[in-house]
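Novice: Next comes the structure file entry-v9.csv, holding CSV, C-alpha atoms.
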chain,number,residue,atom,x,y,z
E,21,MET,CA,0.0,0.0,0.0
E,22,ALA,CA,1.3,3.4,-0.9
E,23,ALA,CA,2.2,5.9,1.9
E,24,ARG,CA,-0.6,8.3,2.7
E,25,TYR,CA,-0.5,11.8,4.0
E,26,LEU,CA,-2.6,13.0,7.0
E,27,GLU,CA,-5.4,14.3,4.8
E,28,GLU,CA,-5.9,10.9,3.3
E,29,PHE,CA,-7.0,9.4,6.7
E,30,THR,CA,-10.6,9.7,8.0
E,31,VAL,CA,-12.0,8.8,11.4
E,32,GLY,CA,-13.5,5.3,11.5
E,33,GLN,CA,-11.3,3.9,8.7
E,34,VAL,CA,-10.1,0.4,9.6
E,35,PHE,CA,-6.9,-1.2,8.3
E,36,ASP,CA,-6.5,-5.0,8.3
E,37,THR,CA,-3.0,-6.4,8.7
E,38,GLU,CA,-1.3,-9.7,7.8
E,39,PRO,CA,-1.8,-12.3,10.5
E,40,VAL,CA,1.4,-13.5,12.2
E,41,THR,CA,2.3,-16.5,14.3
E,42,LEU,CA,4.8,-16.4,17.2
E,43,SER,CA,6.9,-19.4,18.0
E,44,GLU,CA,8.1,-20.6,21.4
E,45,ALA,CA,11.6,-19.5,20.4
E,46,ASP,CA,10.3,-16.0,19.5
E,47,LEU,CA,8.6,-15.7,22.9
E,48,ILE,CA,11.7,-16.8,24.9
E,49,ALA,CA,14.1,-14.6,22.9
E,50,PHE,CA,12.0,-11.5,23.6
E,51,ALA,CA,11.3,-12.2,27.2
E,52,GLU,CA,14.9,-13.1,28.2
E,53,ARG,CA,15.8,-9.5,27.3
E,54,TYR,CA,12.7,-7.5,28.2
E,55,ASP,CA,10.3,-9.4,30.4
E,56,PRO,CA,12.3,-12.0,32.3
E,57,GLN,CA,9.5,-13.9,34.2
E,58,VAL,CA,9.1,-17.7,34.4
E,59,MET,CA,5.8,-17.7,32.4
E,60,HIS,CA,7.5,-16.0,29.5
E,61,THR,CA,11.0,-17.6,29.5
E,62,ASP,CA,10.8,-21.2,30.9
E,63,PRO,CA,8.4,-23.7,29.2
E,64,GLN,CA,8.8,-26.1,32.1
E,65,GLY,CA,8.5,-23.6,34.9
E,66,ALA,CA,5.6,-21.9,33.2
E,67,LYS,CA,3.5,-25.1,33.7
E,68,ASP,CA,3.4,-24.4,37.5
E,69,THR,CA,2.2,-20.8,37.1
E,70,ALA,CA,-1.4,-19.6,36.9
E,71,TYR,CA,-1.1,-19.7,33.1
E,72,GLY,CA,-0.4,-23.4,32.9
E,73,GLY,CA,2.3,-22.9,30.3
E,74,LEU,CA,4.4,-20.5,28.3
E,75,ILE,CA,2.8,-17.2,27.4
E,76,ALA,CA,4.1,-14.2,25.4
E,77,SER,CA,5.1,-11.0,27.1
E,78,GLY,CA,2.4,-8.4,26.6
E,79,HIS,CA,5.1,-6.0,25.4
E,80,GLN,CA,5.9,-8.5,22.6
E,81,THR,CA,2.2,-8.7,21.6
E,82,ILE,CA,1.8,-5.0,21.2
E,83,GLY,CA,5.1,-4.7,19.3
E,84,THR,CA,4.1,-7.4,17.0
E,85,ALA,CA,0.7,-5.7,16.3
E,86,PHE,CA,2.4,-2.4,15.6
E,87,ALA,CA,4.9,-4.1,13.2
E,88,GLN,CA,2.2,-5.7,11.2
E,89,PHE,CA,0.6,-2.3,10.8
E,90,ILE,CA,3.9,-0.6,9.8
E,91,LYS,CA,4.4,-3.4,7.2
E,92,ILE,CA,1.3,-2.4,5.2
E,93,GLY,CA,3.3,0.7,4.3
E,94,ILE,CA,0.6,3.3,4.7
E,95,PHE,CA,2.7,5.4,7.2
E,96,ALA,CA,6.2,4.7,5.7
E,97,GLU,CA,8.2,7.9,5.1
E,98,ASN,CA,5.3,10.1,6.2
E,99,SER,CA,5.7,9.0,9.8
E,100,LEU,CA,7.5,11.5,11.9
E,101,GLY,CA,7.6,9.4,15.0
E,102,GLY,CA,5.2,8.9,17.9
E,103,PRO,CA,5.0,10.9,21.1
E,104,ALA,CA,2.5,8.7,23.0
E,105,MET,CA,0.7,5.4,23.5
E,106,ASP,CA,-2.3,5.0,25.9
E,107,GLU,CA,-4.7,2.4,27.4
E,108,VAL,CA,-2.6,-0.7,26.7
E,109,ARG,CA,-4.7,-3.7,27.9
E,110,TRP,CA,-3.8,-7.3,27.9
E,111,ALA,CA,-7.1,-9.2,27.9
E,112,ALA,CA,-5.9,-12.8,27.5
E,113,PRO,CA,-2.7,-14.8,27.2
E,114,VAL,CA,-0.9,-15.4,23.9
E,115,ARG,CA,0.7,-18.9,23.6
E,116,PRO,CA,3.3,-20.3,21.2
E,117,GLY,CA,1.8,-21.0,17.8
E,118,ASP,CA,-1.1,-18.6,18.3
E,119,THR,CA,-1.8,-16.5,15.2
E,120,LEU,CA,-2.3,-12.8,16.0
E,121,VAL,CA,-4.8,-10.9,13.8
E,122,THR,CA,-4.5,-7.1,14.2
E,123,THR,CA,-6.7,-4.3,13.0
E,124,ALA,CA,-6.0,-0.6,13.3
E,125,GLU,CA,-8.8,2.0,13.4
E,126,VAL,CA,-8.4,5.7,12.9
E,127,LEU,CA,-9.7,7.5,16.1
E,128,GLU,CA,-8.7,11.1,15.4
E,129,VAL,CA,-7.0,13.2,12.7
E,130,ARG,CA,-6.0,16.8,13.3
E,131,LYS,CA,-3.5,19.4,11.9
E,132,SER,CA,-0.7,20.6,14.1
E,133,LYS,CA,-1.2,24.1,15.3
E,134,SER,CA,2.5,24.9,15.6
E,135,ARG,CA,3.9,23.0,12.5
E,136,SER,CA,2.2,23.5,9.1
E,137,ASP,CA,4.0,20.4,7.6
E,138,ARG,CA,2.4,17.8,9.9
E,139,GLY,CA,-0.6,16.6,11.8
E,140,ILE,CA,-1.5,14.1,14.5
E,141,ILE,CA,-3.2,10.8,14.0
E,142,ARG,CA,-4.5,8.6,16.8
E,143,MET,CA,-5.2,4.9,16.1
E,144,GLN,CA,-6.9,2.2,18.1
E,145,PHE,CA,-5.2,-1.2,17.7
E,146,LEU,CA,-7.0,-4.4,18.4
E,147,THR,CA,-5.4,-7.9,18.3
E,148,LYS,CA,-7.3,-11.1,18.4
E,149,VAL,CA,-6.5,-14.9,18.4
E,150,ASP,CA,-9.2,-17.2,17.1
E,151,GLY,CA,-11.6,-14.3,17.2
E,152,ARG,CA,-11.0,-13.5,20.8
E,153,GLU,CA,-9.4,-10.2,22.0
E,154,VAL,CA,-5.9,-10.6,23.5
E,155,SER,CA,-4.8,-7.0,23.5
E,156,ARG,CA,-5.6,-3.4,22.6
E,157,PHE,CA,-3.8,0.0,22.7
E,158,GLN,CA,-3.9,3.5,21.3
E,159,THR,CA,-1.1,5.2,19.5
E,160,THR,CA,-0.4,8.9,18.7
E,161,THR,CA,1.8,9.6,15.6
E,162,PHE,CA,3.0,12.7,13.9
E,163,LEU,CA,2.3,12.4,10.2
E,164,ARG,CA,3.3,14.6,7.2
E,165,ARG,CA,0.6,16.7,5.5
E,166,GLN,CA,0.2,16.8,1.8
E,167,PRO,CA,2.8,19.3,0.4
E,168,SER,CA,1.0,22.4,-0.8
E,169,GLU,CA,1.1,23.2,-4.5
E,170,ASP,CA,2.9,26.5,-3.9
E,171,ALA,CA,5.7,24.7,-2.3
E,172,ALA,CA,5.9,22.0,-5.0
R,23,MET,CA,16.2,-7.8,47.1
R,24,SER,CA,13.4,-9.9,48.5
R,25,TYR,CA,10.0,-9.6,46.9
R,26,TRP,CA,7.4,-7.1,47.9
R,27,CYS,CA,3.8,-7.9,49.0
R,28,LEU,CA,1.0,-5.3,49.0
R,29,ASP,CA,2.1,-3.6,52.3
R,30,ASP,CA,5.6,-3.0,50.9
R,31,PHE,CA,4.2,-0.8,48.1
R,32,THR,CA,3.9,2.4,50.0
R,33,VAL,CA,2.8,5.4,47.9
R,34,GLY,CA,5.9,7.5,47.0
R,35,ARG,CA,8.4,4.6,47.5
R,36,LYS,CA,10.9,4.9,44.7
R,37,VAL,CA,13.5,2.5,43.4
R,38,GLU,CA,16.4,3.1,41.0
R,39,THR,CA,17.2,0.1,38.7
R,40,VAL,CA,20.5,-0.9,37.2
R,41,PRO,CA,21.2,1.3,34.1
R,42,VAL,CA,21.6,-0.5,30.8
R,43,LYS,CA,23.4,0.6,27.6
R,44,LEU,CA,21.5,0.2,24.3
R,45,GLU,CA,23.7,-0.5,21.3
R,46,ALA,CA,22.8,-0.1,17.6
R,47,GLU,CA,22.7,-3.8,17.0
R,48,GLU,CA,20.0,-4.3,19.7
R,49,ILE,CA,18.0,-1.3,18.5
R,50,MET,CA,17.9,-2.8,15.0
R,51,TRP,CA,17.2,-6.4,16.2
R,52,PHE,CA,14.2,-5.1,18.1
R,53,ALA,CA,12.9,-2.8,15.4
R,54,ARG,CA,13.1,-5.3,12.5
R,55,GLN,CA,10.6,-7.5,14.4
R,56,TYR,CA,8.4,-5.0,16.3
R,57,ASP,CA,8.7,-1.5,14.8
R,58,PRO,CA,10.2,-1.7,11.3
R,59,GLN,CA,10.5,2.0,10.4
R,60,PRO,CA,13.7,3.2,8.7
R,61,PHE,CA,14.8,5.5,11.6
R,62,HIS,CA,14.8,2.4,13.8
R,63,THR,CA,16.2,-0.2,11.4
R,64,ASP,CA,18.5,1.5,8.9
R,65,PRO,CA,21.4,3.8,10.1
R,66,GLU,CA,21.9,5.3,6.6
R,67,ALA,CA,18.2,6.0,5.9
R,68,ALA,CA,17.9,7.3,9.5
R,69,LYS,CA,20.3,10.1,8.7
R,70,ASP,CA,17.8,11.6,6.2
R,71,SER,CA,14.9,11.3,8.7
R,72,VAL,CA,13.7,14.0,11.0
R,73,PHE,CA,15.8,12.4,13.8
R,74,GLY,CA,19.1,12.7,11.9
R,75,GLY,CA,20.2,9.2,12.8
R,76,LEU,CA,19.2,5.9,14.3
R,77,ILE,CA,16.9,6.0,17.3
R,78,SER,CA,15.3,3.2,19.3
R,79,SER,CA,11.7,2.1,19.0
R,80,GLY,CA,9.7,3.6,21.8
R,81,PHE,CA,8.3,0.1,22.4
R,82,GLN,CA,11.8,-1.0,23.1
R,83,THR,CA,12.5,1.8,25.6
R,84,VAL,CA,9.4,0.8,27.6
R,85,ALA,CA,10.4,-2.9,27.3
R,86,VAL,CA,14.0,-2.2,28.5
R,87,ALA,CA,12.6,-0.3,31.5
R,88,THR,CA,10.3,-3.2,32.3
R,89,GLY,CA,13.1,-5.7,32.1
R,90,GLN,CA,15.2,-3.7,34.5
R,91,PHE,CA,12.3,-3.3,36.9
R,92,LEU,CA,11.7,-7.1,36.9
R,93,ARG,CA,15.4,-7.8,37.5
R,94,THR,CA,15.1,-6.0,40.9
R,95,GLY,CA,13.3,-9.1,42.0
R,96,ILE,CA,10.6,-7.2,43.9
R,97,LEU,CA,7.9,-9.2,42.1
R,98,ASP,CA,9.6,-12.6,42.3
R,99,GLY,CA,7.1,-14.8,44.1
R,100,SER,CA,4.4,-12.2,44.3
R,101,ASN,CA,3.5,-11.3,40.7
R,102,LEU,CA,0.0,-12.2,39.7
R,103,GLY,CA,0.1,-10.6,36.3
R,104,GLY,CA,-0.3,-7.2,34.7
R,105,PRO,CA,-3.4,-6.1,33.0
R,106,GLY,CA,-1.8,-3.2,31.2
R,107,LEU,CA,0.1,0.0,30.7
R,108,ASP,CA,-1.0,3.6,30.3
R,109,LYS,CA,0.1,7.2,29.6
R,110,ILE,CA,3.3,6.3,27.7
R,111,ARG,CA,5.0,9.4,26.7
R,112,TRP,CA,8.2,9.4,24.5
R,113,VAL,CA,9.7,12.8,25.1
R,114,ALA,CA,13.1,12.5,23.6
R,115,PRO,CA,14.9,10.1,21.2
R,116,VAL,CA,17.2,7.3,22.5
R,117,ARG,CA,20.3,6.8,20.3
R,118,PRO,CA,22.9,4.0,20.0
R,119,GLY,CA,25.2,4.0,23.0
R,120,ASP,CA,22.8,5.8,25.3
R,121,THR,CA,22.5,4.4,28.8
R,122,LEU,CA,19.0,4.1,30.0
R,123,SER,CA,18.3,4.6,33.7
R,124,THR,CA,14.9,3.6,35.0
R,125,VAL,CA,13.3,4.7,38.2
R,126,PHE,CA,9.9,3.5,39.3
R,127,GLU,CA,7.7,5.0,42.0
R,128,VAL,CA,4.6,3.6,43.7
R,129,VAL,CA,1.6,5.8,42.6
R,130,GLU,CA,-1.3,3.8,44.1
R,131,ALA,CA,-1.6,0.5,46.1
R,132,ARG,CA,-4.9,-1.0,47.3
R,133,ALA,CA,-6.4,-4.4,48.1
R,134,SER,CA,-8.6,-5.9,45.4
R,135,LYS,CA,-12.3,-5.5,46.3
R,136,SER,CA,-13.2,-8.9,44.8
R,137,ASN,CA,-10.3,-10.8,46.1
R,138,PRO,CA,-8.7,-9.6,49.4
R,139,ALA,CA,-5.7,-11.9,48.9
R,140,ARG,CA,-4.7,-9.8,46.0
R,141,GLY,CA,-3.4,-6.2,45.8
R,142,ILE,CA,-3.5,-3.9,42.8
R,143,VAL,CA,-0.5,-1.6,42.4
R,144,ARG,CA,0.1,1.3,40.0
R,145,LEU,CA,3.7,2.3,39.3
R,146,GLY,CA,5.0,5.4,37.6
R,147,PHE,CA,8.2,4.9,35.5
R,148,THR,CA,10.7,7.5,34.4
R,149,VAL,CA,13.4,6.5,31.9
R,150,SER,CA,16.4,8.9,31.5
R,151,THR,CA,19.7,9.1,29.6
R,152,GLU,CA,22.6,11.3,30.5
R,153,ALA,CA,20.8,14.1,28.6
R,154,GLY,CA,17.5,13.9,30.6
R,155,VAL,CA,14.2,12.2,30.6
R,156,VAL,CA,13.3,10.1,27.4
R,157,ALA,CA,10.1,8.4,28.4
R,158,THR,CA,7.5,8.1,31.2
R,159,PHE,CA,4.7,5.5,31.6
R,160,GLU,CA,2.5,3.8,34.2
R,161,THR,CA,2.0,0.1,34.7
R,162,VAL,CA,-0.5,-1.8,36.8
R,163,VAL,CA,0.6,-5.1,38.5
R,164,MET,CA,-1.4,-7.4,40.7
R,165,VAL,CA,0.5,-8.8,43.7
R,166,HIS,CA,-0.1,-11.0,46.7
R,167,ALA,CA,-1.4,-9.2,49.8
R,168,ARG,CA,0.7,-9.8,52.9
R,169,ASP,CA,0.4,-13.4,54.1
R,170,THR,CA,-1.3,-12.9,57.5
R,171,ALA,CA,-0.7,-16.5,58.5
R,172,ALA,CA,3.1,-15.9,58.3
R,173,ALA,CA,3.0,-12.6,60.3
What does the file become when written as structure tokens?

Specialist:
Amino acid sequence: MAARYLEEFTVGQVFDTEPVTLSEADLIAFAERYDPQVMHTDPQGAKDTAYGGLIASGHQTIGTAFAQFIKIGIFAENSLGGPAMDEVRWAAPVRPGDTLVTTAEVLEVRKSKSRSDRGIIRMQFLTKVDGREVSRFQTTTFLRRQPSEDAA
Amino acid sequence: MSYWCLDDFTVGRKVETVPVKLEAEEIMWFARQYDPQPFHTDPEAAKDSVFGGLISSGFQTVAVATGQFLRTGILDGSNLGGPGLDKIRWVAPVRPGDTLSTVFEVVEARASKSNPARGIVRLGFTVSTEAGVVATFETVVMVHARDTAAA
């Protein structure tokens, strides 16, 4: 998908992303660095936890969801970085072999008051496994505006 | 450090975690999988971006801080899971070679209404480099209430 400018997004648009499956090795590699807890790093030890087996770090779930959105290419070079994320919720565990299906919906689009070349877009991410919600979060991103014809 | 139960989470209590240096290789390893934007994955392309060079994914900054928090051991044995994060603010870029220092502070701690054996704790995190604050966020964790039988 070609990169879009701020003006090309409207509130309520929903973007589907490519489903992705995380392996046990993916889960452990992430968690050893960033979320070193038994239920995320040790398949044997995880059996004795409340989760009954290995589960993904919630940080990995949201990162995976965001990556799948970036890969559709709609922000691409028009993204000027993100200042915020809000309301991250982990609703259910993600296990090795689960396929994550993420959608991203446009919540808000507005022009920057201080910078004429950009605006702010807020998106609601929702990730499901087998149709059941596992996580959600909201992102705020600075996005380029369409260059004006005078400047072109 | 031995683990904390609900009573140990007094509002305002603050802990500094072990600083950690973030190198370009780890920034790119993370971003290729979880935030594949050129200013996180490609040092050459990043030079032409608004950031003027490679910067870490904000998701990684938060994850690094979480890892250092867990390595203090205060949740070992008492962690009953975390329902989420909130109010993540990325206020300045993190670049290769930056050392991230994470401090967390108890913002709120209360017993669960539905399950008195469980406490709900909200922690405020501040992540800084030598140059100043780079990120702040809040996390909620559920912990064991103090074991009254052992007291």

Novice: Hey, can you check how far CA of Thr37 (chain E) sits from CA of Ala53 (chain R)?

Specialist: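 Those two atoms sit 17.6 Å apart.
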
Novice: Kindly provide, as number ranges by chain, the residues of chain R having any atom no farther than 9 Å from an atom of chain E, counting all atoms listed in the file.

Specialist: R: 52-61, 71-73, 80-82, 84-90, 92-93, 98, 102, 104-114

Novice: For a test of reading the model, state the distance in Å between CA of Gly103 (chain R) and CA of Asp68 (chain E), rounded to one decimal.

Specialist: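 A separation of 14.2 Å between them.
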
Novice: From the options R:Ser78, R:Thr63, R:Thr39, R:Thr94, which residue's atoms come nearest to Tyr25 (chain R), counting all atoms listed in the file?

Specialist: R:Thr94

Novice: I need the residue nearest Gly32 (chain E) from this list: E:Leu127, E:Gln144, E:Thr161, E:Pro167. Use only C-alpha atoms for the distance.

Specialist: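 The shortest atom-to-atom distance to Gly32 (chain E) comes from E:Leu127.
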
Novice: Could you tell me how far CA of Phe35 (chain E) sits from CA of Gly117 (chain E), in Å to one decimal place?

Specialist: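 Atom-to-atom, CA of Gly117 (chain E) and CA of Phe35 (chain E) are spaced 23.6 Å apart.
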
Novice: As a count of residues only, please: the residues near region 135-138 of chain E (cut-off 9 Å, only C-alpha atoms, same-chain neighbours under 6 positions excluded).

Specialist: 9

Novice: Determine the nearest neighbour of Met50 (chain R) from the options R:Ile96, R:Ala133, R:Val143, R:Ala68, counting all atoms listed in the file.

Specialist: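 The answer is R:Ala68, which sits nearest to Met50 (chain R).
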
Novice: Near Glu27 (chain E), counting only C-alpha atoms, which residues have an atom at most 9 Å away, once you skip same-chain residues fewer than 2 positions from it, shown as an MDAnalysis selection string?

Specialist: chainID E and resid 24:25 29:30 129:131 139 165:166

Novice: Nearest to Arg142 (chain E): which of E:Leu120, E:Val126, E:Ile75, E:Val34 is it, counting all atoms listed in the file?

Specialist: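 Result for the nearest residue to Arg142 (chain E): E:Val126.
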
Novice: Counting only C-alpha atoms, which residues come within 7 Å of (7.6, 6.5, 31.0), with the point read in the file's coordinates, and could you list them as JSON, numbers by chain?

Specialist: {"R": [84, 110, 111, 147, 148, 149, 157, 158, 159, 160]}

Novice: At a cut-off of 9 Å, using all atoms listed in the file, what residues contact Gly34 (chain R)? Leave out same-chain residues fewer than 3 positions from it and give the result as a ChimeraX atom specification.

Specialist: /R:31,127-130

Novice: Using all atoms listed in the file, which of E:Ile94, E:Ala76, E:Ile140, E:Val149 sits nearest Asp62 (chain E)?

Specialist: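 Of E:Ile94, E:Ala76, E:Ile140, E:Val149, the one nearest Asp62 (chain E) is E:Ala76, counting all atoms listed in the file.
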
Novice: Can you pull out every residue within 7 Å of region 116-121 of chain R, counting all atoms listed in the file, but drop anything in the same chain fewer than 6 positions away, and send it as a PyMOL selection string?

Specialist: chain R and resi 41-46+76-78+151+156

Novice: Assuming the input is short of atoms at region 88-103 of chain R, produce N, CA and C atoms for that part as a CSV table (one decimal), in the frame of the given file.

Specialist:
chain,number,residue,atom,x,y,z
R,88,THR,N,11.0,-2.1,31.6
R,88,THR,CA,10.3,-3.2,32.3
R,88,THR,C,11.2,-4.3,32.7
R,89,GLY,N,12.1,-4.7,31.8
R,89,GLY,CA,13.1,-5.7,32.1
R,89,GLY,C,14.0,-5.4,33.3
R,90,GLN,N,14.4,-4.1,33.4
R,90,GLN,CA,15.2,-3.7,34.5
R,90,GLN,C,14.4,-3.7,35.8
R,91,PHE,N,13.2,-3.3,35.7
R,91,PHE,CA,12.3,-3.3,36.9
R,91,PHE,C,12.1,-4.8,37.4
R,92,LEU,N,11.9,-5.7,36.5
R,92,LEU,CA,11.7,-7.1,36.9
R,92,LEU,C,13.0,-7.7,37.5
R,93,ARG,N,14.1,-7.3,37.0
R,93,ARG,CA,15.4,-7.8,37.5
R,93,ARG,C,15.7,-7.3,38.9
R,94,THR,N,15.0,-6.3,39.5
R,94,THR,CA,15.1,-6.0,40.9
R,94,THR,C,14.7,-7.1,41.8
R,95,GLY,N,13.8,-8.0,41.2
R,95,GLY,CA,13.3,-9.1,42.0
R,95,GLY,C,12.1,-8.8,42.9
R,96,ILE,N,11.6,-7.6,42.9
R,96,ILE,CA,10.6,-7.2,43.9
R,96,ILE,C,9.3,-8.0,43.6
R,97,LEU,N,9.1,-8.5,42.4
R,97,LEU,CA,7.9,-9.2,42.1
R,97,LEU,C,8.1,-10.7,42.1
R,98,ASP,N,9.3,-11.2,42.3
R,98,ASP,CA,9.6,-12.6,42.3
R,98,ASP,C,8.8,-13.3,43.4
R,99,GLY,N,7.9,-14.1,43.1
R,99,GLY,CA,7.1,-14.8,44.1
R,99,GLY,C,5.8,-14.1,44.4
R,100,SER,N,5.6,-12.8,44.0
R,100,SER,CA,4.4,-12.2,44.3
R,100,SER,C,3.6,-11.7,43.1
R,101,ASN,N,4.2,-11.9,41.9
R,101,ASN,CA,3.5,-11.3,40.7
R,101,ASN,C,2.3,-12.1,40.3
R,102,LEU,N,1.2,-11.5,40.2
R,102,LEU,CA,0.0,-12.2,39.7
R,102,LEU,C,-0.5,-11.7,38.4
R,103,GLY,N,0.4,-11.0,37.7
R,103,GLY,CA,0.1,-10.6,36.3
R,103,GLY,C,-0.1,-9.1,36.2
